[in-house]
Amino acid sequence: MGSPYLKTSYSDVNAILPRTYQKVLVTAALLLLLVAPFFASNFHVHLMNLGALATIGALALNLLTGFCGQISLGHAGFLAVGAFTTAILVVHLAAPFWSVVPVAGLAGALLGLLVGLPSLRFRGLYLAISTLAMHYAVGYAVKSYQANIGASATAGVSIPDPVLGPLVLSNDRVWYYFLLLMTGLVTLFCLNLLRTRLGRAWIAIRDRDIAAEALGIHIARYKLLAFVVSSTLTAMAGSLTAYYSNVVSADEFTLELAVTYLAMIIVGGMGSVLGSIFGAYFITLLPFAVDALFDMLPVAWRQGVQLVGFQSGAVGVFIILFLLLEPKGLAELWWRVEIYFERWPFKYRPLEPARR
Amino acid sequence: MEFVATFVVLASTYALLAAGIVILYRASRVLNFAHGELAIIGGYVFLSMTGFAGGSLPLAFAGALAVSLVTGIAIYVVVMKRLTGQPFYVAILVTIGIGILLKSLIIIVWRARATSIPIGSGTVLTFASGARMSQLDLATVLVAIAFYFGLYLFYRFSRLGIQARGTAENPLLASQRGVNVHFVLALSWAIAVLGASVAGILYGGRALLSPQGVVVGFSGLTAALVGGLDSLLGALLGSLIVALAEYLTIQYLDPILGEAVPFIILLLAMLLRPWGLFGTREEIERV
């Protein structure tokens, strides 16, 4: 277990946390997350919840874009499908929470299959454009649905608090633990998926699809699977978000939202589970951080300044900066620190160990 | 004949945008997702310039065009130049980032105010065929035609234009033959942003400028795609098709659907002829 390079068994190779200090760090982080709500204010718990919801979406997008290399501008469309499946089931059928979320996932899977089809014909740029077209098709569909049931465009459809057995998820703190559990499960799911045949096939397709095919990987099947898995998770995240915010509105699912999710995986790190978590929290908290920075300025300077502009502009700046200066994102920064301490007092550059 | 006039004006705006998208794609294989933002911000810059120029329209126009040229060169030199050799999606994502940045600039500097540009639409001219066009509409069409004709002359006959075509075909060979590739690419960005700005100014003269207006960029993108991403003639034809479809939908079907028309055409184009009407077939990376 001493060196990260000396593997003496297959379980070493597959270990999610190979080093002792990593186990300690993760345990400490989990404990901190578990006790955090006892000390944090309501607002901070709310922010953490938003971050957790974004994490599920970002992980799903990273599976598709970061690991399988299929760029998607249609992430908001998948979220919309999840949210509106929830709205339809709750409003028309009064379906219970435990059944709605999986059905939303199923709806997402179907759409993912549909959207994945062009990926069999195109790659790269043209695939991105076809997902964009899907985004607008879904946007039109949900807008017409909302107009048809007579919900006003701004207010949207309201969703009651979900009931899970004896538990009513209404309080932000209850939600916190629920979302912590969900995010943890999805993270584990992704980490495990990437250690299997499926995950390795995706990475092979991303790195060089022709070589992957020569290795016997059925490209069409695995690409479609990437779309299906990603869109299932995303739709479930959309469904949870709808329950959490108690409202579904077609206006939320803009192209900006899709770009925000792309920003999360760019800033966090393409092809990194850890990066998805970092990026999701970073981009979610960014507008609030800008807000807090503004509050520190003298009042006279703040007058008449359009805060919204700075909040969205910050996202744009971080996308450009990370792509230009640190294309592997926050995860890479973290790993650099990790490697520094791991090697200390030596400074030699390590080989590239598999990082997730 | 009324409708011909309306849709030709619409098509001219799209054509100015599509030309820029095609120029950039040809020059550097970058699909610019910030084109709508560049157009709208061009309109806002013109609006501010009319203030600085004391109401003199030609002066304001010259000022706005100068700003757009500088913007285009700046985007290339500061950002896009560093992306050479990166995977294709990096460039797309960077242009999306630039788009977000420009949109927030509209909000910060111009307070996201929805305004029209007070250049007036001039007197309404009636043609022998019965079509009626305002002078502004006529100017829009003429500007688009002049822009395309200028581009044709530039790429066909001028030394720089031929260098630009060479760079588009093979940057490495071009640079070995003494073409200043960076200069040519910066010039492409300058021309593209110039076209977008002109489109934005003319758009603002007829409709309200607002941050929501950036969706015109997608009409331009669709037009470029329908025509073929590496063909200027295709961009012109694509603009006509998109504008016609949009006009007919709004007029005879559902006005809400009008917004979605470019994307429906986009889907159809992707299904039937993804390389576009005049595009090079090999351009598409098939799986």
# chains A, B, ... in the order shown; residues from 1 in each chain; ligands from 1
call {"tool": "closest_atom_pairs", "arguments": {"of": "chain B", "to": "chain A", "cutoff": "7 Å", "atoms": "only C-alpha atoms", "output": "CSV"}}
result
residue,atom,partner,partner_atom,distance
B:Val90,CA,A:Leu323,CA,6.9
B:Val94,CA,A:Ile320,CA,5.5
B:Gly97,CA,A:Gly316,CA,4.4
B:Ile98,CA,A:Gly316,CA,6.4
B:Ile100,CA,A:Gly316,CA,5.1
B:Leu101,CA,A:Gly313,CA,4.8
B:Ser104,CA,A:Gly309,CA,4.3
B:Leu105,CA,A:Gly309,CA,6.6
B:Ile107,CA,A:Gly309,CA,5.1
B:Ile108,CA,A:Gly309,CA,5.2
B:Arg111,CA,A:Gln306,CA,6.6
B:Ala260,CA,A:Tyr136,CA,6.8
B:Phe263,CA,A:Ala133,CA,5.2
B:Leu266,CA,A:Ala133,CA,6.4
B:Leu267,CA,A:Ala133,CA,5.9
B:Met270,CA,A:Ser130,CA,6.8
B:Glu285,CA,A:Arg123,CA,6.0
B:Arg286,CA,A:Phe122,CA,5.2
B:Val287,CA,A:Arg121,CA,5.6
call {"tool": "residues_around", "arguments": {"residues": "Phe227 of chain A", "least_positions_apart": "6", "cutoff": "9 Å", "atoms": "only C-alpha atoms", "output": "list of chain:residue names"}}
result
A:Leu63, A:Leu64, A:Gln70, A:Ala109, A:Leu111, A:Gly112, A:Leu113, A:Leu114, A:Val115, A:Gly116
call {"tool": "select_by_dssp", "arguments": {"residues": "segment 66-211 of chain A", "states": "strand (DSSP E)", "output": "JSON, numbers by chain"}}
result
{"A": [157, 158, 163, 164, 167, 168]}
call {"tool": "write_last_selection", "arguments": {"atoms": "C-alpha atoms", "output": "compact mmCIF listing (two decimals), in the first residue's frame"}}
result
# COMPACT_ATOMS: atom_id res chain seq x y z
CA VAL A 157 -46.72 24.75 -11.89
CA SER A 158 -46.58 24.34 -8.13
CA VAL A 163 -43.84 12.66 1.44
CA LEU A 164 -41.56 9.69 1.96
CA LEU A 167 -41.17 11.80 6.53
CA VAL A 168 -42.32 15.05 4.95
call {"tool": "residues_around", "arguments": {"residues": "segment 243-246 of chain B", "least_positions_apart": "3", "cutoff": "9 Å", "atoms": "only C-alpha atoms", "output": "number ranges by chain"}}
result
B: 4, 7-12, 14, 219, 223, 238-240, 249-251, 257-262, 265
call {"tool": "residues_around", "arguments": {"residues": "Asn42 of chain A", "least_positions_apart": "4", "cutoff": "10 Å", "atoms": "only C-alpha atoms", "output": "list in words"}}
result
Pro37, Phe38, His46, Leu47, Met48, Asn171, Asp172 and Arg173 of chain A
call {"tool": "residues_around", "arguments": {"residues": "segment 237-250 of chain A", "least_positions_apart": "4", "cutoff": "8 Å", "atoms": "only C-alpha atoms", "output": "ChimeraX atom specification"}}
result
/A:53-54,56-57,78-87,100-101,104,139,142-143,146,153-162,175,233
call {"tool": "residues_around", "arguments": {"residues": "Ala74 of chain B", "least_positions_apart": "2", "cutoff": "12 Å", "atoms": "only C-alpha atoms", "output": "PyMOL selection string"}}
result
chain B and resi 67-72+76-81+98+183+185-190+193
call {"tool": "write_last_selection", "arguments": {"atoms": "C-alpha atoms", "output": "PDB file, in the first residue's frame"}}
result
ATOM      1  CA  VAL B  67     -15.172  49.649 -32.056  1.00  0.00           C
ATOM      2  CA  SER B  68     -16.358  46.440 -33.698  1.00  0.00           C
ATOM      3  CA  LEU B  69     -13.080  46.016 -35.594  1.00  0.00           C
ATOM      4  CA  VAL B  70     -11.095  46.507 -32.409  1.00  0.00           C
ATOM      5  CA  THR B  71     -13.401  44.076 -30.560  1.00  0.00           C
ATOM      6  CA  GLY B  72     -12.893  41.417 -33.200  1.00  0.00           C
ATOM      7  CA  TYR B  76      -8.648  36.887 -31.385  1.00  0.00           C
ATOM      8  CA  VAL B  77      -5.472  38.237 -29.827  1.00  0.00           C
ATOM      9  CA  VAL B  78      -6.501  37.927 -26.190  1.00  0.00           C
ATOM     10  CA  VAL B  79      -8.411  34.664 -26.262  1.00  0.00           C
ATOM     11  CA  MET B  80      -8.755  32.687 -29.472  1.00  0.00           C
ATOM     12  CA  LYS B  81      -5.068  32.826 -30.449  1.00  0.00           C
ATOM     13  CA  ILE B  98     -17.436  35.235 -24.422  1.00  0.00           C
ATOM     14  CA  PHE B 183      -2.835  38.524 -38.958  1.00  0.00           C
ATOM     15  CA  LEU B 185      -7.143  35.143 -38.506  1.00  0.00           C
ATOM     16  CA  ALA B 186      -7.368  38.413 -36.579  1.00  0.00           C
ATOM     17  CA  LEU B 187      -8.663  40.010 -39.761  1.00  0.00           C
ATOM     18  CA  SER B 188     -11.302  37.277 -40.087  1.00  0.00           C
ATOM     19  CA  TRP B 189     -12.501  38.022 -36.575  1.00  0.00           C
ATOM     20  CA  ALA B 190     -12.536  41.758 -37.340  1.00  0.00           C
ATOM     21  CA  VAL B 193     -17.602  41.159 -35.792  1.00  0.00           C
TER      22      VAL B 193
END
call {"tool": "select_by_dssp", "arguments": {"residues": "segment 28-263 of chain B", "states": "alpha helix (DSSP H)", "output": "number ranges by chain"}}
result
B: 28, 35-52, 57-74, 88-110, 135-157, 159-169, 171-176, 181-206, 216-227, 232-252, 261-263
call {"tool": "write_last_selection", "arguments": {"atoms": "C-alpha atoms", "output": "compact mmCIF listing (two decimals), in the first residue's frame"}}
result
# COMPACT_ATOMS: atom_id res chain seq x y z
CA SER B 28 -10.26 28.64 -37.98
CA HIS B 35 -22.47 36.05 -32.68
CA GLY B 36 -25.88 37.18 -31.48
CA GLU B 37 -24.30 38.86 -28.47
CA LEU B 38 -21.78 40.61 -30.73
CA ALA B 39 -24.62 41.88 -32.92
CA ILE B 40 -26.70 43.24 -30.06
CA ILE B 41 -23.72 44.84 -28.35
CA GLY B 42 -22.86 46.43 -31.71
CA GLY B 43 -26.29 48.03 -31.68
CA TYR B 44 -25.80 49.31 -28.13
CA VAL B 45 -22.35 50.69 -28.97
CA PHE B 46 -23.89 52.57 -31.90
CA LEU B 47 -26.53 53.92 -29.54
CA SER B 48 -23.85 55.28 -27.22
CA MET B 49 -21.86 56.61 -30.18
CA THR B 50 -24.80 58.71 -31.34
CA GLY B 51 -24.60 60.34 -27.94
CA PHE B 52 -20.87 61.00 -28.24
CA LEU B 57 -25.18 59.53 -37.75
CA PRO B 58 -22.25 58.94 -40.14
CA LEU B 59 -19.80 59.78 -37.37
CA ALA B 60 -21.57 57.44 -34.95
CA PHE B 61 -21.62 54.73 -37.58
CA ALA B 62 -17.89 55.10 -38.21
CA GLY B 63 -17.23 55.03 -34.48
CA ALA B 64 -19.31 51.89 -33.95
CA LEU B 65 -17.57 50.14 -36.83
CA ALA B 66 -14.16 51.08 -35.44
CA VAL B 67 -15.17 49.65 -32.06
CA SER B 68 -16.36 46.44 -33.70
CA LEU B 69 -13.08 46.02 -35.59
CA VAL B 70 -11.09 46.51 -32.41
CA THR B 71 -13.40 44.08 -30.56
CA GLY B 72 -12.89 41.42 -33.20
CA ILE B 73 -9.12 41.75 -33.17
CA ALA B 74 -9.09 41.83 -29.36
CA PHE B 88 -12.63 21.62 -31.06
CA TYR B 89 -15.03 21.82 -28.14
CA VAL B 90 -12.71 24.14 -26.22
CA ALA B 91 -13.17 26.84 -28.86
CA ILE B 92 -16.96 26.43 -28.80
CA LEU B 93 -17.05 26.65 -25.02
CA VAL B 94 -14.82 29.71 -25.05
CA THR B 95 -17.13 31.48 -27.50
CA ILE B 96 -20.04 30.58 -25.23
CA GLY B 97 -18.06 32.10 -22.36
CA ILE B 98 -17.44 35.24 -24.42
CA GLY B 99 -21.16 35.35 -25.17
CA ILE B 100 -22.03 35.26 -21.46
CA LEU B 101 -19.46 37.96 -20.80
CA LEU B 102 -20.82 40.23 -23.55
CA LYS B 103 -24.38 39.72 -22.38
CA SER B 104 -23.46 40.67 -18.84
CA LEU B 105 -21.66 43.70 -20.28
CA ILE B 106 -24.96 44.75 -21.87
CA ILE B 107 -26.59 44.45 -18.46
CA ILE B 108 -23.82 46.31 -16.63
CA VAL B 109 -23.11 49.12 -19.08
CA TRP B 110 -26.48 49.64 -20.73
CA GLN B 135 -35.69 53.60 -46.56
CA LEU B 136 -34.18 51.78 -43.60
CA ASP B 137 -35.42 48.45 -44.94
CA LEU B 138 -33.97 49.25 -48.33
CA ALA B 139 -30.70 50.27 -46.69
CA THR B 140 -30.60 46.94 -44.81
CA VAL B 141 -30.96 44.98 -48.01
CA LEU B 142 -28.42 47.11 -49.85
CA VAL B 143 -25.90 46.88 -47.01
CA ALA B 144 -26.21 43.09 -46.97
CA ILE B 145 -25.73 42.91 -50.73
CA ALA B 146 -22.77 45.28 -50.57
CA PHE B 147 -21.23 43.28 -47.71
CA TYR B 148 -21.46 40.04 -49.64
CA PHE B 149 -20.20 41.64 -52.84
CA GLY B 150 -17.30 43.16 -50.92
CA LEU B 151 -16.47 39.78 -49.39
CA TYR B 152 -16.61 38.17 -52.81
CA LEU B 153 -14.22 40.74 -54.27
CA PHE B 154 -11.96 40.51 -51.22
CA TYR B 155 -11.64 36.75 -51.21
CA ARG B 156 -11.50 36.45 -54.99
CA PHE B 157 -9.08 39.15 -56.00
CA ARG B 159 -3.84 39.47 -52.07
CA LEU B 160 -4.94 39.31 -48.45
CA GLY B 161 -8.14 37.52 -49.38
CA ILE B 162 -6.25 34.86 -51.27
CA GLN B 163 -3.93 34.48 -48.28
CA ALA B 164 -7.01 34.07 -46.07
CA ARG B 165 -8.33 31.32 -48.32
CA GLY B 166 -4.97 29.63 -48.25
CA THR B 167 -4.92 29.79 -44.47
CA ALA B 168 -8.39 28.31 -44.32
CA GLU B 169 -7.31 25.41 -46.47
CA PRO B 171 -2.69 26.91 -42.01
CA LEU B 172 0.64 25.14 -41.77
CA LEU B 173 1.39 25.31 -45.49
CA ALA B 174 0.19 28.89 -45.64
CA SER B 175 2.50 29.95 -42.85
CA GLN B 176 5.42 28.20 -44.53
CA VAL B 181 -1.52 33.43 -40.24
CA HIS B 182 -2.23 35.32 -37.03
CA PHE B 183 -2.84 38.52 -38.96
CA VAL B 184 -5.18 36.75 -41.35
CA LEU B 185 -7.14 35.14 -38.51
CA ALA B 186 -7.37 38.41 -36.58
CA LEU B 187 -8.66 40.01 -39.76
CA SER B 188 -11.30 37.28 -40.09
CA TRP B 189 -12.50 38.02 -36.57
CA ALA B 190 -12.54 41.76 -37.34
CA ILE B 191 -14.63 41.25 -40.48
CA ALA B 192 -17.00 38.85 -38.74
CA VAL B 193 -17.60 41.16 -35.79
CA LEU B 194 -18.02 44.08 -38.20
CA GLY B 195 -20.77 42.20 -40.03
CA ALA B 196 -22.43 41.31 -36.74
CA SER B 197 -22.32 44.92 -35.56
CA VAL B 198 -23.85 46.22 -38.76
CA ALA B 199 -26.57 43.59 -38.44
CA GLY B 200 -27.16 44.64 -34.83
CA ILE B 201 -27.41 48.32 -35.73
CA LEU B 202 -29.89 47.66 -38.53
CA TYR B 203 -31.82 45.25 -36.31
CA GLY B 204 -32.00 47.89 -33.59
CA GLY B 205 -33.37 50.39 -36.06
CA ARG B 206 -36.43 48.23 -36.66
CA VAL B 216 -30.88 36.37 -33.67
CA GLY B 217 -27.44 34.81 -33.46
CA PHE B 218 -29.07 31.40 -33.69
CA SER B 219 -31.01 32.39 -36.77
CA GLY B 220 -27.70 33.39 -38.31
CA LEU B 221 -26.13 30.12 -37.16
CA THR B 222 -28.97 28.10 -38.66
CA ALA B 223 -28.69 30.02 -41.90
CA ALA B 224 -24.98 29.29 -42.05
CA LEU B 225 -25.56 25.61 -41.29
CA VAL B 226 -28.35 25.19 -43.80
CA GLY B 227 -26.19 26.74 -46.48
CA LEU B 232 -20.60 32.16 -48.28
CA LEU B 233 -23.06 31.58 -51.11
CA GLY B 234 -24.69 28.93 -48.94
CA ALA B 235 -24.97 31.39 -46.07
CA LEU B 236 -26.83 33.81 -48.31
CA LEU B 237 -29.23 31.13 -49.51
CA GLY B 238 -29.62 29.72 -46.01
CA SER B 239 -30.59 33.16 -44.72
CA LEU B 240 -33.32 33.40 -47.34
CA ILE B 241 -34.65 29.96 -46.39
CA VAL B 242 -34.64 30.62 -42.64
CA ALA B 243 -36.23 34.05 -43.05
CA LEU B 244 -38.91 32.69 -45.38
CA ALA B 245 -39.76 29.83 -43.03
CA GLU B 246 -39.86 32.17 -40.06
CA TYR B 247 -42.06 34.68 -41.84
CA LEU B 248 -44.53 32.08 -43.08
CA THR B 249 -44.80 30.43 -39.68
CA ILE B 250 -45.50 33.66 -37.87
CA GLN B 251 -47.95 34.76 -40.52
CA TYR B 252 -49.92 31.58 -41.09
CA VAL B 261 -38.43 27.85 -36.44
CA PRO B 262 -34.64 28.19 -36.74
CA PHE B 263 -34.23 25.14 -34.56
call {"tool": "residues_around", "arguments": {"residues": "Val186 of chain A", "least_positions_apart": "6", "cutoff": "12 Å", "atoms": "only C-alpha atoms", "output": "PyMOL selection string"}}
result
chain A and resi 52-60+63+179-180+192-193+229-230+232-234+236-237+273+276-277
